[in-house]
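**Q** File model_5.cif below, mmCIF, N, CA and C atoms:
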data_model
loop_
_atom_site.label_atom_id
_atom_site.label_comp_id
_atom_site.auth_asym_id
_atom_site.auth_seq_id
_atom_site.Cartn_x
_atom_site.Cartn_y
_atom_site.Cartn_z
N MET A 18 0.04 -117.24 -68.77
CA MET A 18 0.40 -118.50 -68.14
C MET A 18 -0.08 -119.64 -69.05
N PRO A 19 0.78 -120.62 -69.36
CA PRO A 19 0.36 -121.76 -70.19
C PRO A 19 -0.78 -122.54 -69.54
N VAL A 20 -1.60 -123.15 -70.38
CA VAL A 20 -2.78 -123.89 -69.90
C VAL A 20 -2.40 -124.93 -68.85
N TRP A 21 -1.32 -125.70 -69.08
CA TRP A 21 -0.98 -126.76 -68.13
C TRP A 21 -0.60 -126.21 -66.77
N GLN A 22 -0.09 -125.00 -66.71
CA GLN A 22 0.20 -124.40 -65.39
C GLN A 22 -1.09 -124.12 -64.65
N HIS A 23 -2.12 -123.68 -65.36
CA HIS A 23 -3.42 -123.47 -64.72
C HIS A 23 -3.99 -124.80 -64.22
N VAL A 24 -3.88 -125.82 -65.04
CA VAL A 24 -4.39 -127.14 -64.66
C VAL A 24 -3.62 -127.66 -63.45
N ALA A 25 -2.30 -127.56 -63.49
CA ALA A 25 -1.46 -128.05 -62.39
C ALA A 25 -1.72 -127.29 -61.09
N ALA A 26 -2.12 -126.03 -61.21
CA ALA A 26 -2.44 -125.26 -60.01
C ALA A 26 -3.73 -125.74 -59.36
N ALA A 27 -4.63 -126.29 -60.17
CA ALA A 27 -5.93 -126.73 -59.66
C ALA A 27 -5.98 -128.21 -59.32
N TYR A 28 -5.10 -129.01 -59.94
CA TYR A 28 -5.15 -130.47 -59.78
C TYR A 28 -3.76 -131.03 -59.51
N ASP A 29 -3.72 -132.15 -58.78
CA ASP A 29 -2.50 -132.93 -58.69
C ASP A 29 -2.53 -133.88 -59.90
N LEU A 30 -1.53 -133.77 -60.77
CA LEU A 30 -1.50 -134.59 -61.98
C LEU A 30 -0.77 -135.89 -61.70
N VAL A 31 -1.42 -137.00 -62.00
CA VAL A 31 -0.86 -138.33 -61.79
C VAL A 31 -0.97 -139.09 -63.10
N GLY A 32 0.16 -139.61 -63.58
CA GLY A 32 0.14 -140.40 -64.81
C GLY A 32 -0.27 -141.83 -64.52
N HIS A 33 -0.91 -142.45 -65.49
CA HIS A 33 -1.34 -143.85 -65.35
C HIS A 33 -1.08 -144.54 -66.68
N ALA A 34 -0.29 -145.57 -66.65
CA ALA A 34 -0.04 -146.38 -67.84
C ALA A 34 -0.73 -147.72 -67.65
N PRO A 35 -1.61 -148.10 -68.59
CA PRO A 35 -2.28 -149.39 -68.44
C PRO A 35 -1.28 -150.54 -68.35
N ARG A 36 -1.76 -151.65 -67.81
CA ARG A 36 -0.92 -152.84 -67.61
C ARG A 36 -0.19 -153.24 -68.89
N SER A 37 1.03 -153.71 -68.70
CA SER A 37 1.81 -154.22 -69.85
C SER A 37 2.91 -155.13 -69.32
N GLY A 38 3.78 -155.54 -70.21
CA GLY A 38 4.91 -156.37 -69.80
C GLY A 38 4.49 -157.75 -69.36
N PRO A 39 5.04 -158.25 -68.23
CA PRO A 39 4.75 -159.62 -67.79
C PRO A 39 3.27 -159.84 -67.49
N GLY A 40 2.54 -158.78 -67.17
CA GLY A 40 1.13 -158.93 -66.85
C GLY A 40 0.22 -158.84 -68.06
N LEU A 41 0.78 -159.00 -69.25
CA LEU A 41 0.01 -158.79 -70.47
C LEU A 41 -1.25 -159.66 -70.55
N ARG A 42 -1.20 -160.86 -70.01
CA ARG A 42 -2.40 -161.71 -70.08
C ARG A 42 -3.55 -161.13 -69.26
N PHE A 43 -3.24 -160.19 -68.35
CA PHE A 43 -4.27 -159.54 -67.55
C PHE A 43 -4.68 -158.20 -68.14
N PHE A 44 -4.13 -157.87 -69.30
CA PHE A 44 -4.41 -156.60 -69.95
C PHE A 44 -5.78 -156.65 -70.60
N THR A 45 -6.77 -156.18 -69.88
CA THR A 45 -8.12 -156.08 -70.40
C THR A 45 -8.65 -154.70 -70.08
N SER A 46 -9.61 -154.28 -70.82
CA SER A 46 -10.20 -152.97 -70.57
C SER A 46 -10.83 -152.91 -69.18
N LEU A 47 -11.51 -153.98 -68.79
CA LEU A 47 -12.13 -154.01 -67.46
C LEU A 47 -11.07 -153.93 -66.36
N ASN A 48 -9.96 -154.65 -66.53
CA ASN A 48 -8.89 -154.57 -65.53
C ASN A 48 -8.26 -153.19 -65.49
N ASN A 49 -8.12 -152.54 -66.64
CA ASN A 49 -7.58 -151.18 -66.64
C ASN A 49 -8.51 -150.22 -65.90
N ALA A 50 -9.82 -150.40 -66.06
CA ALA A 50 -10.77 -149.58 -65.31
C ALA A 50 -10.66 -149.87 -63.82
N ARG A 51 -10.50 -151.13 -63.47
CA ARG A 51 -10.33 -151.49 -62.05
C ARG A 51 -9.03 -150.90 -61.49
N ASP A 52 -7.99 -150.86 -62.32
CA ASP A 52 -6.73 -150.26 -61.88
C ASP A 52 -6.91 -148.78 -61.54
N LEU A 53 -7.74 -148.08 -62.31
CA LEU A 53 -8.03 -146.68 -61.99
C LEU A 53 -8.70 -146.57 -60.62
N GLU A 54 -9.56 -147.52 -60.32
CA GLU A 54 -10.22 -147.50 -59.00
C GLU A 54 -9.21 -147.73 -57.89
N VAL A 55 -8.28 -148.64 -58.10
CA VAL A 55 -7.22 -148.87 -57.11
C VAL A 55 -6.38 -147.60 -56.94
N LEU A 56 -6.04 -146.97 -58.06
CA LEU A 56 -5.25 -145.73 -58.01
C LEU A 56 -6.00 -144.65 -57.24
N ARG A 57 -7.30 -144.48 -57.52
CA ARG A 57 -8.11 -143.48 -56.81
C ARG A 57 -8.09 -143.75 -55.30
N ALA A 58 -8.31 -145.01 -54.94
CA ALA A 58 -8.35 -145.37 -53.51
C ALA A 58 -6.99 -145.15 -52.85
N GLU A 59 -5.90 -145.55 -53.53
CA GLU A 59 -4.56 -145.38 -52.96
C GLU A 59 -4.19 -143.91 -52.78
N LEU A 60 -4.72 -143.06 -53.63
CA LEU A 60 -4.47 -141.62 -53.49
C LEU A 60 -5.33 -140.98 -52.40
N GLY A 61 -6.27 -141.76 -51.87
CA GLY A 61 -7.13 -141.26 -50.80
C GLY A 61 -8.19 -140.28 -51.29
N GLU A 62 -8.53 -140.37 -52.57
CA GLU A 62 -9.53 -139.46 -53.14
C GLU A 62 -10.91 -140.11 -53.09
N ASP A 63 -11.93 -139.33 -52.78
CA ASP A 63 -13.30 -139.85 -52.81
C ASP A 63 -13.78 -140.06 -54.24
N ARG A 64 -13.37 -139.14 -55.12
CA ARG A 64 -13.80 -139.22 -56.51
C ARG A 64 -12.62 -138.92 -57.43
N LEU A 65 -12.69 -139.51 -58.61
CA LEU A 65 -11.62 -139.41 -59.59
C LEU A 65 -11.93 -138.33 -60.62
N THR A 66 -10.94 -137.51 -60.92
CA THR A 66 -10.98 -136.62 -62.07
C THR A 66 -10.02 -137.23 -63.08
N PHE A 67 -10.51 -137.45 -64.30
CA PHE A 67 -9.77 -138.26 -65.26
C PHE A 67 -9.77 -137.57 -66.62
N MET A 68 -8.61 -137.59 -67.27
CA MET A 68 -8.49 -137.13 -68.64
C MET A 68 -7.94 -138.28 -69.45
N GLY A 69 -8.69 -138.75 -70.44
CA GLY A 69 -8.25 -139.86 -71.27
C GLY A 69 -8.33 -139.51 -72.73
N ALA A 70 -7.39 -140.02 -73.49
CA ALA A 70 -7.38 -139.83 -74.94
C ALA A 70 -7.29 -141.20 -75.62
N SER A 71 -7.89 -141.30 -76.78
CA SER A 71 -7.85 -142.52 -77.58
C SER A 71 -8.36 -143.70 -76.76
N TYR A 72 -7.56 -144.73 -76.56
CA TYR A 72 -8.00 -145.89 -75.78
C TYR A 72 -8.38 -145.47 -74.35
N GLY A 73 -7.74 -144.43 -73.82
CA GLY A 73 -8.08 -143.95 -72.49
C GLY A 73 -9.53 -143.50 -72.38
N THR A 74 -10.14 -143.08 -73.49
CA THR A 74 -11.55 -142.72 -73.46
C THR A 74 -12.42 -143.95 -73.24
N TYR A 75 -11.96 -145.07 -73.79
CA TYR A 75 -12.74 -146.31 -73.67
C TYR A 75 -12.71 -146.83 -72.23
N TYR A 76 -11.50 -146.97 -71.67
CA TYR A 76 -11.50 -147.52 -70.31
C TYR A 76 -11.91 -146.48 -69.28
N GLY A 77 -11.79 -145.20 -69.60
CA GLY A 77 -12.36 -144.17 -68.73
C GLY A 77 -13.88 -144.27 -68.68
N SER A 78 -14.49 -144.53 -69.84
CA SER A 78 -15.94 -144.72 -69.90
C SER A 78 -16.36 -145.97 -69.12
N LEU A 79 -15.58 -147.03 -69.25
CA LEU A 79 -15.87 -148.24 -68.48
C LEU A 79 -15.78 -147.95 -66.98
N TYR A 80 -14.75 -147.20 -66.59
CA TYR A 80 -14.60 -146.84 -65.18
C TYR A 80 -15.86 -146.11 -64.69
N ALA A 81 -16.31 -145.14 -65.48
CA ALA A 81 -17.50 -144.37 -65.08
C ALA A 81 -18.73 -145.25 -64.98
N ALA A 82 -18.84 -146.25 -65.85
CA ALA A 82 -19.98 -147.17 -65.79
C ALA A 82 -19.88 -148.11 -64.58
N MET A 83 -18.66 -148.52 -64.24
CA MET A 83 -18.45 -149.46 -63.14
C MET A 83 -18.48 -148.79 -61.77
N PHE A 84 -17.99 -147.55 -61.70
CA PHE A 84 -17.86 -146.85 -60.43
C PHE A 84 -18.44 -145.43 -60.53
N PRO A 85 -19.71 -145.28 -60.90
CA PRO A 85 -20.25 -143.95 -61.16
C PRO A 85 -20.18 -143.00 -59.97
N SER A 86 -20.28 -143.50 -58.76
CA SER A 86 -20.24 -142.62 -57.59
C SER A 86 -18.82 -142.14 -57.28
N HIS A 87 -17.83 -142.69 -57.98
CA HIS A 87 -16.44 -142.30 -57.73
C HIS A 87 -15.89 -141.37 -58.81
N VAL A 88 -16.76 -140.87 -59.69
CA VAL A 88 -16.33 -139.96 -60.75
C VAL A 88 -16.63 -138.52 -60.35
N ARG A 89 -15.60 -137.69 -60.41
CA ARG A 89 -15.79 -136.26 -60.18
C ARG A 89 -15.98 -135.56 -61.51
N ARG A 90 -14.93 -135.59 -62.34
CA ARG A 90 -14.98 -134.99 -63.67
C ARG A 90 -14.21 -135.90 -64.62
N MET A 91 -14.63 -135.88 -65.90
CA MET A 91 -13.92 -136.64 -66.93
C MET A 91 -13.84 -135.81 -68.20
N VAL A 92 -12.67 -135.86 -68.81
CA VAL A 92 -12.48 -135.31 -70.15
C VAL A 92 -12.07 -136.49 -71.02
N LEU A 93 -12.85 -136.75 -72.06
CA LEU A 93 -12.58 -137.87 -72.95
C LEU A 93 -12.33 -137.28 -74.34
N ASP A 94 -11.08 -137.34 -74.79
CA ASP A 94 -10.66 -136.70 -76.03
C ASP A 94 -10.24 -137.76 -77.04
N ALA A 95 -10.69 -137.63 -78.28
CA ALA A 95 -10.36 -138.56 -79.36
C ALA A 95 -10.91 -139.95 -79.02
N ALA A 96 -12.21 -139.99 -78.84
CA ALA A 96 -12.87 -141.20 -78.37
C ALA A 96 -12.64 -142.41 -79.28
N ALA A 97 -12.47 -143.54 -78.66
CA ALA A 97 -12.37 -144.82 -79.37
C ALA A 97 -13.77 -145.40 -79.51
N ALA A 98 -14.00 -146.13 -80.60
CA ALA A 98 -15.30 -146.77 -80.81
C ALA A 98 -15.57 -147.75 -79.67
N PRO A 99 -16.75 -147.69 -79.06
CA PRO A 99 -17.03 -148.57 -77.92
C PRO A 99 -17.34 -150.02 -78.30
N ASP A 100 -17.49 -150.31 -79.57
CA ASP A 100 -17.76 -151.68 -80.01
C ASP A 100 -16.54 -152.54 -79.69
N PRO A 101 -16.67 -153.55 -78.81
CA PRO A 101 -15.51 -154.37 -78.45
C PRO A 101 -14.79 -154.98 -79.64
N ALA A 102 -15.50 -155.24 -80.72
CA ALA A 102 -14.85 -155.81 -81.90
C ALA A 102 -13.96 -154.80 -82.62
N LYS A 103 -14.09 -153.52 -82.28
CA LYS A 103 -13.31 -152.49 -82.97
C LYS A 103 -12.28 -151.81 -82.08
N VAL A 104 -12.26 -152.11 -80.80
CA VAL A 104 -11.36 -151.39 -79.89
C VAL A 104 -9.90 -151.62 -80.26
N TRP A 105 -9.55 -152.79 -80.65
CA TRP A 105 -8.14 -153.07 -80.90
C TRP A 105 -7.83 -153.12 -82.38
N TYR A 106 -7.66 -154.29 -82.92
CA TYR A 106 -7.14 -154.47 -84.26
C TYR A 106 -8.02 -153.81 -85.32
N ARG A 107 -9.32 -154.06 -85.29
CA ARG A 107 -10.22 -153.50 -86.31
C ARG A 107 -10.18 -151.98 -86.27
N GLY A 108 -10.16 -151.41 -85.08
CA GLY A 108 -10.08 -149.96 -84.96
C GLY A 108 -8.79 -149.41 -85.54
N ASN A 109 -7.71 -150.14 -85.36
CA ASN A 109 -6.43 -149.71 -85.92
C ASN A 109 -6.45 -149.76 -87.44
N LEU A 110 -7.21 -150.67 -88.01
CA LEU A 110 -7.33 -150.72 -89.46
C LEU A 110 -8.20 -149.57 -89.98
N ASP A 111 -9.23 -149.21 -89.23
CA ASP A 111 -10.13 -148.15 -89.65
C ASP A 111 -9.49 -146.76 -89.54
N GLN A 112 -8.61 -146.59 -88.57
CA GLN A 112 -8.05 -145.26 -88.30
C GLN A 112 -7.28 -144.67 -89.48
N PRO A 113 -6.36 -145.40 -90.14
CA PRO A 113 -5.65 -144.80 -91.27
C PRO A 113 -6.59 -144.39 -92.40
N ALA A 114 -7.64 -145.17 -92.64
CA ALA A 114 -8.61 -144.82 -93.68
C ALA A 114 -9.31 -143.51 -93.33
N ALA A 115 -9.66 -143.35 -92.06
CA ALA A 115 -10.30 -142.10 -91.62
C ALA A 115 -9.33 -140.93 -91.75
N PHE A 116 -8.06 -141.13 -91.37
CA PHE A 116 -7.05 -140.07 -91.54
C PHE A 116 -6.93 -139.68 -93.01
N GLU A 117 -6.93 -140.67 -93.89
CA GLU A 117 -6.80 -140.39 -95.32
C GLU A 117 -7.98 -139.58 -95.84
N ARG A 118 -9.19 -139.91 -95.37
CA ARG A 118 -10.37 -139.13 -95.78
C ARG A 118 -10.26 -137.68 -95.32
N ARG A 119 -9.81 -137.48 -94.09
CA ARG A 119 -9.67 -136.09 -93.58
C ARG A 119 -8.56 -135.37 -94.35
N TRP A 120 -7.48 -136.05 -94.69
CA TRP A 120 -6.40 -135.45 -95.46
C TRP A 120 -6.92 -135.02 -96.83
N ALA A 121 -7.77 -135.84 -97.44
CA ALA A 121 -8.38 -135.47 -98.73
C ALA A 121 -9.23 -134.23 -98.57
N ASP A 122 -9.98 -134.13 -97.46
CA ASP A 122 -10.79 -132.93 -97.20
C ASP A 122 -9.90 -131.69 -97.08
N VAL A 123 -8.78 -131.82 -96.38
CA VAL A 123 -7.86 -130.68 -96.22
C VAL A 123 -7.29 -130.27 -97.58
N ARG A 124 -6.88 -131.25 -98.37
CA ARG A 124 -6.33 -130.93 -99.70
C ARG A 124 -7.37 -130.22 -100.56
N ASP A 125 -8.62 -130.69 -100.51
CA ASP A 125 -9.69 -130.05 -101.28
C ASP A 125 -9.92 -128.61 -100.80
N TRP A 126 -9.91 -128.41 -99.49
CA TRP A 126 -10.10 -127.07 -98.94
C TRP A 126 -8.97 -126.15 -99.40
N ILE A 127 -7.74 -126.63 -99.33
CA ILE A 127 -6.60 -125.82 -99.77
C ILE A 127 -6.72 -125.46 -101.24
N ALA A 128 -7.13 -126.42 -102.05
CA ALA A 128 -7.27 -126.15 -103.48
C ALA A 128 -8.33 -125.08 -103.73
N ARG A 129 -9.42 -125.10 -102.97
CA ARG A 129 -10.47 -124.10 -103.14
C ARG A 129 -10.09 -122.74 -102.58
N HIS A 130 -9.15 -122.71 -101.64
CA HIS A 130 -8.78 -121.46 -100.96
C HIS A 130 -7.30 -121.15 -101.11
N ASP A 131 -6.74 -121.46 -102.26
CA ASP A 131 -5.29 -121.28 -102.45
C ASP A 131 -4.86 -119.81 -102.43
N ASP A 132 -5.82 -118.90 -102.49
CA ASP A 132 -5.48 -117.48 -102.44
C ASP A 132 -5.45 -116.92 -101.02
N VAL A 133 -5.75 -117.75 -100.04
CA VAL A 133 -5.79 -117.30 -98.64
C VAL A 133 -4.43 -117.44 -98.01
#
Translate the structure described by the file into structure tokens.
**A**
Amino acid sequence: MPVWQHVAAAYDLVGHAPRSGPGLRFFTSLNNARDLEVLRAELGEDRLTFMGASYGTYYGSLYAAMFPSHVRRMVLDAAAAPDPAKVWYRGNLDQPAAFERRWADVRDWIARHDDV
């Protein structure tokens, strides 16, 4: 059985897209964390189980800090730097450089193990 079928059997999966469009001026990390709280309450859940990736790790962490008694479980994958100066533009500039360094590591590994 694929992993997601196991997950779906144990959890109700609900997608959440942070604010965008006409509400862009309200698009803040704190508001996104508050939106998760509204979503949790509207679903009638006492505690939230959350899986976030990239920026989702940042506002998921904020949610946990703001509403610690409402967290059941969290999976935070591909964490974003928590420094507010790096969450957006600066982080996007740093990411390609980090990818390039890892790509260089892979190329070096392949060169050393070309007989594998």
**Q** Would you list the contacts of stretch 59-73 of chain A as a list in words, taking every protein, DNA or RNA residue within 7 Å and counting all atoms listed in the file, but skipping same-chain residues closer than 6 positions in sequence?
**A**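 Result of the neighbour search: Ser86, His87, Val88, Arg89, Arg90, Met91, Val92, Leu93, Asp94, Ala95, Ala96 and Ala97 of chain A.
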**Q** Could you work out how far atom N of A:Trp120 lies from atom N of A:Val20, giving the answer in Å with one decimal?
**A**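 These atoms are spaced 28.1 Å apart.
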**Q** Could you please write out, as a PyMOL selection string, every residue of chain A that DSSP assigns to strand (DSSP E)?
**A** chain A and resi 65-70+88-94
**Q** Apply DSSP to the structure's backbone, then extract all residues of chain A labelled helix (DSSP H, G or I) and return them as JSON, numbers by chain.
**A** {"A": [20, 21, 22, 23, 24, 25, 26, 27, 38, 39, 40, 41, 42, 43, 46, 47, 48, 49, 50, 51, 52, 53, 54, 55, 56, 57, 58, 59, 72, 73, 74, 75, 76, 77, 78, 79, 80, 81, 82, 83, 85, 86, 87, 106, 107, 108, 109, 110, 111, 112, 113, 114, 115, 116, 117, 118, 119, 120, 121, 122, 123, 124, 125, 126, 127, 128, 129]}
**Q** Just give me the gap between atom CA of A:Ser78 and atom CA of A:Gly32 in Å, one decimal is fine.
**A**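 If I compute the distance from atom CA of A:Ser78 to atom CA of A:Gly32, I get 17.4 Å.
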**Q** Starting from the shown file, work through the PyMOL selection byres ((chain A and resi 38-52) around 8) and note down what comes out as a list in words.
**A**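 Applying the expression gives Ala34, Pro35, Arg36, Ser37, Leu53, Glu54, Val55, Leu56, Arg57, Ala58, Tyr75, Tyr76, Gly77, Ser78, Leu79, Tyr80, Ala81, Met83 and Phe84 of chain A.
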**Q** Quick check, in Å to one decimal: how far apart do atom C of A:Pro19 and atom N of A:Val31 lie?
**A**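 For atom C of A:Pro19 relative to atom N of A:Val31, the distance reads 16.3 Å.
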